[in-house]
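Shown next: upload.txt, given as compact mmCIF, C-alpha atoms.
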# COMPACT_ATOMS: atom_id res chain seq x y z
CA MET A 1 45.67 -55.98 16.77
CA ALA A 2 49.18 -55.14 15.57
CA ASP A 3 47.87 -52.16 13.56
CA LEU A 4 45.92 -50.58 16.43
CA ILE A 5 47.34 -47.41 17.95
CA ASN A 6 46.09 -46.73 21.47
CA GLY A 7 45.47 -43.29 22.97
CA LEU A 8 48.12 -42.09 25.45
CA SER A 9 47.03 -39.18 27.63
CA VAL A 10 48.17 -37.14 30.61
CA ASP A 11 45.72 -35.16 32.78
CA VAL A 12 47.87 -32.16 33.68
CA GLU A 13 47.11 -31.00 37.21
CA ASP A 14 49.28 -30.44 40.27
CA TRP A 15 49.38 -32.55 43.42
CA PHE A 16 47.07 -30.17 45.32
CA GLN A 17 44.38 -29.97 42.60
CA VAL A 18 43.07 -33.51 42.73
CA GLY A 19 39.54 -34.46 43.69
CA ALA A 20 40.81 -36.57 46.59
CA PHE A 21 41.94 -33.45 48.46
CA GLU A 22 39.30 -30.92 47.43
CA LYS A 23 37.74 -30.88 50.90
CA VAL A 24 41.01 -30.18 52.71
CA ILE A 25 42.81 -27.86 50.26
CA ASP A 26 40.92 -24.71 49.26
CA ARG A 27 41.31 -23.31 45.76
CA LYS A 28 42.12 -19.89 47.20
CA ASP A 29 45.24 -21.41 48.77
CA TRP A 30 46.63 -22.97 45.59
CA ASP A 31 48.96 -20.11 44.70
CA ALA A 32 50.62 -20.34 48.11
CA LEU A 33 51.56 -24.01 47.62
CA THR A 34 54.74 -25.36 46.05
CA THR A 35 54.04 -26.34 42.47
CA ARG A 36 55.59 -29.53 41.07
CA VAL A 37 53.64 -29.92 37.84
CA GLU A 38 56.35 -28.54 35.57
CA ARG A 39 59.15 -30.77 36.84
CA ASN A 40 56.84 -33.79 36.70
CA CYS A 41 55.68 -33.03 33.16
CA ASP A 42 59.28 -32.62 32.06
CA ALA A 43 60.00 -36.10 33.43
CA ILE A 44 57.05 -37.45 31.42
CA LEU A 45 58.22 -35.65 28.27
CA GLN A 46 61.60 -37.32 28.68
CA LEU A 47 59.97 -40.71 29.22
CA PHE A 48 57.91 -40.24 26.03
CA ALA A 49 60.95 -39.05 24.08
CA ASP A 50 62.99 -42.05 25.20
CA ALA A 51 60.19 -44.35 24.01
CA GLY A 52 59.59 -42.43 20.78
CA VAL A 53 55.87 -41.89 21.41
CA LYS A 54 53.50 -38.95 21.21
CA GLY A 55 50.53 -38.31 23.46
CA THR A 56 47.89 -35.81 24.52
CA PHE A 57 48.22 -33.51 27.53
CA PHE A 58 44.76 -32.56 28.84
CA THR A 59 45.75 -29.44 30.74
CA LEU A 60 44.02 -27.24 33.29
CA GLY A 61 43.77 -23.63 32.17
CA TRP A 62 45.00 -22.65 35.64
CA VAL A 63 48.23 -24.55 34.96
CA ALA A 64 48.63 -23.18 31.44
CA GLN A 65 48.31 -19.60 32.68
CA ARG A 66 51.08 -20.09 35.25
CA HIS A 67 53.39 -22.36 33.23
CA PRO A 68 53.28 -21.16 29.62
CA ALA A 69 56.83 -22.35 28.88
CA LEU A 70 55.78 -25.90 29.80
CA LEU A 71 52.86 -25.76 27.37
CA ARG A 72 55.17 -24.56 24.61
CA ARG A 73 57.59 -27.42 25.28
CA ILE A 74 54.78 -29.96 25.09
CA ALA A 75 53.56 -28.59 21.76
CA GLU A 76 57.05 -28.16 20.30
CA GLN A 77 57.83 -31.81 21.01
CA GLY A 78 54.92 -32.93 18.85
CA HIS A 79 52.34 -33.73 21.51
CA GLU A 80 48.72 -32.60 21.47
CA VAL A 81 47.66 -29.98 24.00
CA ALA A 82 43.99 -30.29 24.98
CA SER A 83 41.66 -28.93 27.68
CA HIS A 84 40.96 -30.30 31.14
CA GLY A 85 38.82 -27.30 32.10
CA TRP A 86 39.94 -24.32 34.14
CA ASP A 87 40.49 -25.47 37.72
CA HIS A 88 39.26 -29.07 37.98
CA GLU A 89 35.71 -28.19 38.96
CA ARG A 90 33.44 -31.09 38.09
CA VAL A 91 30.92 -30.50 35.34
CA PHE A 92 27.86 -31.41 37.42
CA ARG A 93 28.70 -28.56 39.83
CA LEU A 94 28.77 -25.93 37.11
CA GLY A 95 25.59 -25.97 35.05
CA ALA A 96 25.54 -25.18 31.33
CA ASP A 97 26.35 -21.45 31.48
CA LYS A 98 29.21 -21.78 33.97
CA PHE A 99 30.53 -24.79 32.09
CA ALA A 100 30.64 -22.78 28.86
CA ALA A 101 32.53 -20.00 30.65
CA ASP A 102 34.90 -22.49 32.27
CA ILE A 103 35.93 -24.18 29.01
CA ALA A 104 36.20 -20.86 27.17
CA ARG A 105 38.56 -19.48 29.80
CA ALA A 106 40.63 -22.66 29.81
CA ARG A 107 40.84 -22.89 26.04
CA ALA A 108 42.02 -19.29 25.73
CA ALA A 109 44.76 -19.80 28.31
CA ILE A 110 45.94 -23.11 26.81
CA GLU A 111 46.01 -21.83 23.24
CA ASP A 112 47.77 -18.62 24.27
CA ALA A 113 50.42 -20.57 26.18
CA SER A 114 51.01 -23.36 23.66
CA GLY A 115 50.39 -21.66 20.34
CA GLN A 116 48.38 -24.74 19.39
CA PRO A 117 44.61 -24.92 18.68
CA VAL A 118 42.63 -26.88 21.25
CA THR A 119 40.15 -29.36 19.76
CA GLY A 120 39.91 -31.97 22.54
CA TYR A 121 38.45 -31.90 26.05
CA ARG A 122 38.44 -34.16 29.09
CA ALA A 123 36.14 -33.39 32.00
CA PRO A 124 37.72 -33.30 35.47
CA SER A 125 37.11 -36.64 37.20
CA PHE A 126 35.26 -37.90 34.09
CA SER A 127 32.29 -35.81 35.24
CA ILE A 128 30.25 -35.94 32.07
CA ASP A 129 27.73 -38.58 33.06
CA ALA A 130 24.00 -39.27 33.19
CA ARG A 131 23.50 -35.99 35.07
CA THR A 132 25.32 -33.82 32.54
CA PRO A 133 24.61 -34.91 28.93
CA TRP A 134 23.95 -31.24 28.13
CA ALA A 135 27.73 -30.69 28.36
CA PHE A 136 28.14 -32.39 24.98
CA ASP A 137 25.87 -29.77 23.37
CA VAL A 138 28.05 -27.01 24.81
CA LEU A 139 31.23 -28.67 23.52
CA ALA A 140 29.68 -29.15 20.08
CA ASP A 141 28.44 -25.56 19.93
CA VAL A 142 31.95 -24.16 20.44
CA GLY A 143 33.58 -26.47 17.94
CA TYR A 144 35.34 -29.23 19.86
CA ALA A 145 36.21 -32.21 17.66
CA TYR A 146 36.22 -34.75 20.45
CA SER A 147 35.79 -35.36 24.15
CA SER A 148 37.25 -38.11 26.33
CA SER A 149 35.15 -37.43 29.40
CA VAL A 150 33.12 -40.57 30.09
CA ALA A 151 34.06 -43.49 32.33
CA PRO A 152 31.52 -46.20 31.40
CA ILE A 153 31.62 -47.92 34.80
CA ALA A 154 29.98 -47.74 38.22
CA HIS A 155 32.38 -46.16 40.72
CA ASP A 156 31.99 -44.25 43.98
CA HIS A 157 33.85 -41.24 42.56
CA TYR A 158 32.59 -41.09 38.98
CA GLY A 159 31.06 -43.14 36.18
CA TRP A 160 28.28 -43.56 33.64
CA ARG A 161 27.56 -47.29 33.69
CA GLU A 162 25.08 -47.20 30.80
CA ALA A 163 27.40 -45.40 28.38
CA PRO A 164 28.98 -47.29 25.49
CA ARG A 165 32.48 -48.64 26.00
CA PHE A 166 33.70 -47.26 22.70
CA ALA A 167 33.40 -44.14 20.54
CA PHE A 168 29.97 -42.58 20.09
CA LYS A 169 28.55 -39.32 18.75
CA PRO A 170 26.59 -37.73 21.59
CA VAL A 171 24.97 -34.82 19.70
CA ALA A 172 22.65 -35.37 16.72
CA GLY A 173 23.84 -33.52 13.65
CA SER A 174 27.29 -32.84 15.13
CA ASP A 175 30.64 -34.43 14.35
CA LEU A 176 31.67 -34.32 18.03
CA VAL A 177 33.00 -37.74 19.08
CA GLU A 178 33.15 -39.02 22.65
CA ILE A 179 36.00 -41.48 23.31
CA PRO A 180 35.38 -43.16 26.70
CA VAL A 181 38.26 -44.24 28.88
CA THR A 182 39.03 -47.95 28.59
CA THR A 183 37.15 -50.70 30.39
CA ALA A 184 37.55 -54.46 30.16
CA GLN A 185 34.94 -57.19 30.47
CA PHE A 186 35.10 -60.11 32.89
CA ALA A 187 32.26 -62.45 33.89
CA GLY A 188 29.69 -60.01 32.55
CA ARG A 189 31.10 -57.05 34.47
CA ARG A 190 32.90 -53.94 33.30
CA LEU A 191 36.24 -53.28 34.94
CA ALA A 192 38.06 -49.95 34.97
CA ALA A 193 41.27 -50.48 33.01
CA GLY A 194 42.22 -47.09 31.60
CA GLY A 195 44.97 -46.02 33.97
CA GLY A 196 45.23 -43.70 36.96
CA GLY A 197 45.01 -45.26 40.38
CA PHE A 198 43.89 -48.61 38.99
CA PHE A 199 47.12 -48.87 37.03
CA ARG A 200 49.27 -47.91 40.02
CA VAL A 201 47.59 -50.20 42.54
CA LEU A 202 46.84 -53.34 40.52
CA PRO A 203 49.49 -55.71 39.16
CA TYR A 204 50.85 -54.75 35.76
CA GLY A 205 49.52 -58.00 34.30
CA PHE A 206 45.94 -56.78 34.74
CA SER A 207 46.48 -53.73 32.53
CA ARG A 208 48.30 -55.78 29.92
CA TRP A 209 45.46 -58.32 29.86
CA ALA A 210 42.82 -55.58 29.62
CA ILE A 211 44.46 -53.73 26.74
CA ARG A 212 45.06 -56.99 24.90
CA GLN A 213 41.37 -57.80 25.31
CA VAL A 214 40.29 -54.43 23.92
CA ASN A 215 42.78 -54.55 21.04
CA GLY A 216 42.19 -58.23 20.30
CA GLU A 217 38.65 -59.35 21.07
CA ASP A 218 37.05 -55.94 20.57
CA GLN A 219 39.43 -54.76 17.83
CA ARG A 220 39.38 -51.24 19.29
CA PRO A 221 42.09 -48.92 20.58
CA ALA A 222 42.51 -48.48 24.32
CA VAL A 223 42.47 -45.07 26.02
CA PHE A 224 44.98 -44.74 28.84
CA TYR A 225 45.49 -41.79 31.20
CA PHE A 226 47.63 -40.79 34.17
CA HIS A 227 48.67 -37.63 36.04
CA PRO A 228 52.01 -35.87 36.50
CA TRP A 229 51.81 -36.22 40.28
CA GLU A 230 51.66 -40.01 39.87
CA VAL A 231 55.36 -40.11 38.90
CA ASP A 232 56.35 -37.99 41.91
CA PRO A 233 56.90 -40.01 45.11
CA GLY A 234 58.52 -36.96 46.74
CA GLN A 235 55.42 -34.77 46.66
CA PRO A 236 54.12 -33.26 49.94
CA ARG A 237 51.79 -35.36 52.08
CA VAL A 238 48.42 -33.78 52.81
CA ALA A 239 47.43 -33.74 56.46
CA GLY A 240 43.77 -34.11 57.32
CA ALA A 241 42.71 -35.97 54.18
CA PRO A 242 40.55 -39.10 54.63
CA LEU A 243 42.51 -42.34 54.84
CA ARG A 244 40.79 -43.69 51.74
CA SER A 245 41.85 -40.64 49.75
CA LYS A 246 45.43 -40.94 50.97
CA LEU A 247 45.58 -44.60 50.01
CA ARG A 248 44.27 -43.86 46.52
CA HIS A 249 46.63 -40.96 45.98
CA TYR A 250 49.93 -42.19 47.42
CA THR A 251 49.96 -45.96 46.82
CA ASN A 252 52.77 -47.13 44.50
CA LEU A 253 53.94 -43.69 43.37
CA GLY A 254 57.49 -45.01 43.44
CA VAL A 255 56.81 -47.74 40.85
CA MET A 256 54.69 -45.70 38.45
CA ALA A 257 57.46 -44.54 36.10
CA ASP A 258 58.78 -48.07 35.61
CA LYS A 259 55.28 -49.44 34.99
CA LEU A 260 54.62 -46.70 32.43
CA THR A 261 57.84 -47.48 30.63
CA ARG A 262 56.84 -51.12 30.43
CA LEU A 263 53.31 -50.32 29.21
CA ILE A 264 54.53 -47.94 26.53
CA GLY A 265 56.95 -50.58 25.32
CA ASP A 266 54.35 -53.34 25.17
CA PHE A 267 51.78 -51.53 22.97
CA ARG A 268 51.56 -48.89 20.25
CA TRP A 269 50.55 -45.38 21.33
CA GLY A 270 49.59 -42.05 19.82
CA ARG A 271 47.74 -38.78 20.30
CA MET A 272 44.06 -38.63 21.21
CA ASP A 273 43.12 -36.30 18.35
CA GLU A 274 44.47 -38.81 15.85
CA LEU A 275 42.65 -41.66 17.59
CA ALA A 276 39.39 -39.67 17.58
CA ALA A 277 39.68 -39.00 13.85
CA ARG A 278 40.14 -42.72 13.18
CA GLU A 279 37.29 -43.74 15.47
CA ALA A 280 34.82 -41.21 14.05
CA GLY A 281 33.78 -43.69 11.40
CA ARG A 282 33.27 -46.54 13.87
CA VAL A 283 30.87 -44.96 16.34
CA VAL A 284 28.29 -47.02 18.19
CA ALA A 285 24.83 -46.08 19.43
CA PRO A 286 24.76 -43.35 22.08
CA PRO A 287 23.37 -43.92 25.58
CA PRO A 288 19.54 -44.00 25.81
CA ALA A 289 19.59 -40.58 27.50
CA LEU A 290 21.10 -39.13 24.31
CA ALA A 291 19.32 -41.18 21.69
CA ALA A 292 16.08 -39.20 21.57
In structure tokens, what does this structure look like?
Amino acid sequence: MADLINGLSVDVEDWFQVGAFEKVIDRKDWDALTTRVERNCDAILQLFADAGVKGTFFTLGWVAQRHPALLRRIAEQGHEVASHGWDHERVFRLGADKFAADIARARAAIEDASGQPVTGYRAPSFSIDARTPWAFDVLADVGYAYSSSVAPIAHDHYGWREAPRFAFKPVAGSDLVEIPVTTAQFAGRRLAAGGGGFFRVLPYGFSRWAIRQVNGEDQRPAVFYFHPWEVDPGQPRVAGAPLRSKLRHYTNLGVMADKLTRLIGDFRWGRMDELAAREAGRVVAPPPALAA
């Protein structure tokens, strides 16, 4: 357990680009809104620097195109820059051809801004699932080394319950590795334990217990993620959004930075590309939908 290095990742999107508000904020209005992603990412970079850790920033191409200096700072400080797609459109809404165009556009913008090759991908809202296994073939065809796009749970917003909890190779004959976001096991059930809203809302002790379980009982690294807007309690409030979406988005924003500092101090952390390279030799069987 002491030798395990967990994957630390940031899904770089602005406060108005989240799935919770997609029905009340139109993409065509994004450029008219006040952006806060750069200031929030700079706060995260400082938090990481203070803790002496490196991580992976899965970035929207839309953000990279408008904030190239931010991408350069991330890369220059030793972090990995990876792809989160172009504008947070979920994979199941794209189809194979549009998905290929989306990730190509995003990759070009991210590499141009950062000066760093992009070898990792995370689907918006973990939207590679039982409906979209073809997305792995597209990623493999264009040379991605790894994806971290599967949430192996049942959830009202996303999830692929039948997927493995740990690294698997989704495409026969390809070295592409999928690294699912972390889940824990309790009483025969899988529990989401990889970060985001679950980390903000639930007591810190739950996340510590879950990562200890994965590192200890399972002897595998955890994969943790969060967003820049989650460390920003001063962000604008969105009128007209459903109450459930507001609760998920705004709860405990003010405590997030302190909880992150504690989490980073309690475990060992590193970049996702390095984790994927280590896990490539420990893959498990793929989901039945991909095993044929």
Listed atoms of stretch 280-285 of chain A boxed axis-aligned with 5 Å per side, centre + edges as AutoDock Vina command-line options:
--center_x 29.8 --center_y -44.1 --center_z 15.4 --size_x 20.0 --size_y 15.8 --size_z 18.0
Protein and nucleic acid residues near (52.1, -44.0, 41.3) (cut-off 10 Å, all atoms listed in the file) as a PyMOL selection string: chain A and resi 196-201+226-233+248-260
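Here atom CA of A:Thr132 is placed at a distance of 8.2 Å from atom CA of A:Gly95.
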Residues at most 7 Å from stretch 147-154 of chain A, counting only C-alpha atoms, excluding those fewer than 4 positions away in the same chain, as a JSON list (two decimals) with C-alpha atoms, in the coordinates of the input?
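Final output, out-v7.json:
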[["chain", "number", "residue", "atom", "x", "y", "z"],
["A", 120, "GLY", "CA", 39.91, -31.97, 22.54],
["A", 121, "TYR", "CA", 38.45, -31.90, 26.05],
["A", 122, "ARG", "CA", 38.44, -34.16, 29.09],
["A", 123, "ALA", "CA", 36.14, -33.39, 32.00],
["A", 126, "PHE", "CA", 35.26, -37.90, 34.09],
["A", 127, "SER", "CA", 32.29, -35.81, 35.24],
["A", 128, "ILE", "CA", 30.25, -35.94, 32.07],
["A", 129, "ASP", "CA", 27.73, -38.58, 33.06],
["A", 159, "GLY", "CA", 31.06, -43.14, 36.18],
["A", 160, "TRP", "CA", 28.28, -43.56, 33.64],
["A", 161, "ARG", "CA", 27.56, -47.29, 33.69],
["A", 162, "GLU", "CA", 25.08, -47.20, 30.80],
["A", 163, "ALA", "CA", 27.40, -45.40, 28.38],
["A", 164, "PRO", "CA", 28.98, -47.29, 25.49],
["A", 165, "ARG", "CA", 32.48, -48.64, 26.00],
["A", 177, "VAL", "CA", 33.00, -37.74, 19.08],
["A", 178, "GLU", "CA", 33.15, -39.02, 22.65],
["A", 179, "ILE", "CA", 36.00, -41.48, 23.31],
["A", 180, "PRO", "CA", 35.38, -43.16, 26.70],
["A", 181, "VAL", "CA", 38.26, -44.24, 28.88],
["A", 190, "ARG", "CA", 32.90, -53.94, 33.30],
["A", 192, "ALA", "CA", 38.06, -49.95, 34.97]]
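Between atom CA of A:Glu80 and atom CA of A:Arg105 the interatomic distance comes to 18.6 Å.
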Among A:Ala20, A:Leu33, A:Ala109, A:Met272, A:Pro68 is approached most closely, using all atoms listed in the file, by A:Ala109
Residues of stretch 91-203 of chain A that have any atom at most 12 Å from an atom of stretch 60-66 of chain A: could you tabulate them with the shortest-distance atom pair and the distance in Å to one decimal, using only C-alpha atoms, ordered by chain and increasing number, as a tab-separated table?
residue	atom	partner	partner_atom	distance
A:Ala101	CA	A:Gly61	CA	11.9
A:Asp102	CA	A:Gly61	CA	8.9
A:Ile103	CA	A:Gly61	CA	8.5
A:Ala104	CA	A:Gly61	CA	9.5
A:Arg105	CA	A:Gly61	CA	7.1
A:Ala106	CA	A:Gly61	CA	4.0
A:Arg107	CA	A:Gly61	CA	6.8
A:Ala108	CA	A:Gly61	CA	8.0
A:Ala109	CA	A:Gly61	CA	5.5
A:Ile110	CA	A:Ala64	CA	5.4
A:Glu111	CA	A:Ala64	CA	8.7
A:Asp112	CA	A:Gln65	CA	8.5
A:Ala113	CA	A:Ala64	CA	6.1
A:Ser114	CA	A:Ala64	CA	8.1
A:Gly115	CA	A:Ala64	CA	11.3
A:Val118	CA	A:Gly61	CA	11.5
A:Tyr121	CA	A:Leu60	CA	10.3
A:Arg122	CA	A:Leu60	CA	9.8
A:Ala123	CA	A:Leu60	CA	10.1
A:Pro124	CA	A:Leu60	CA	9.0
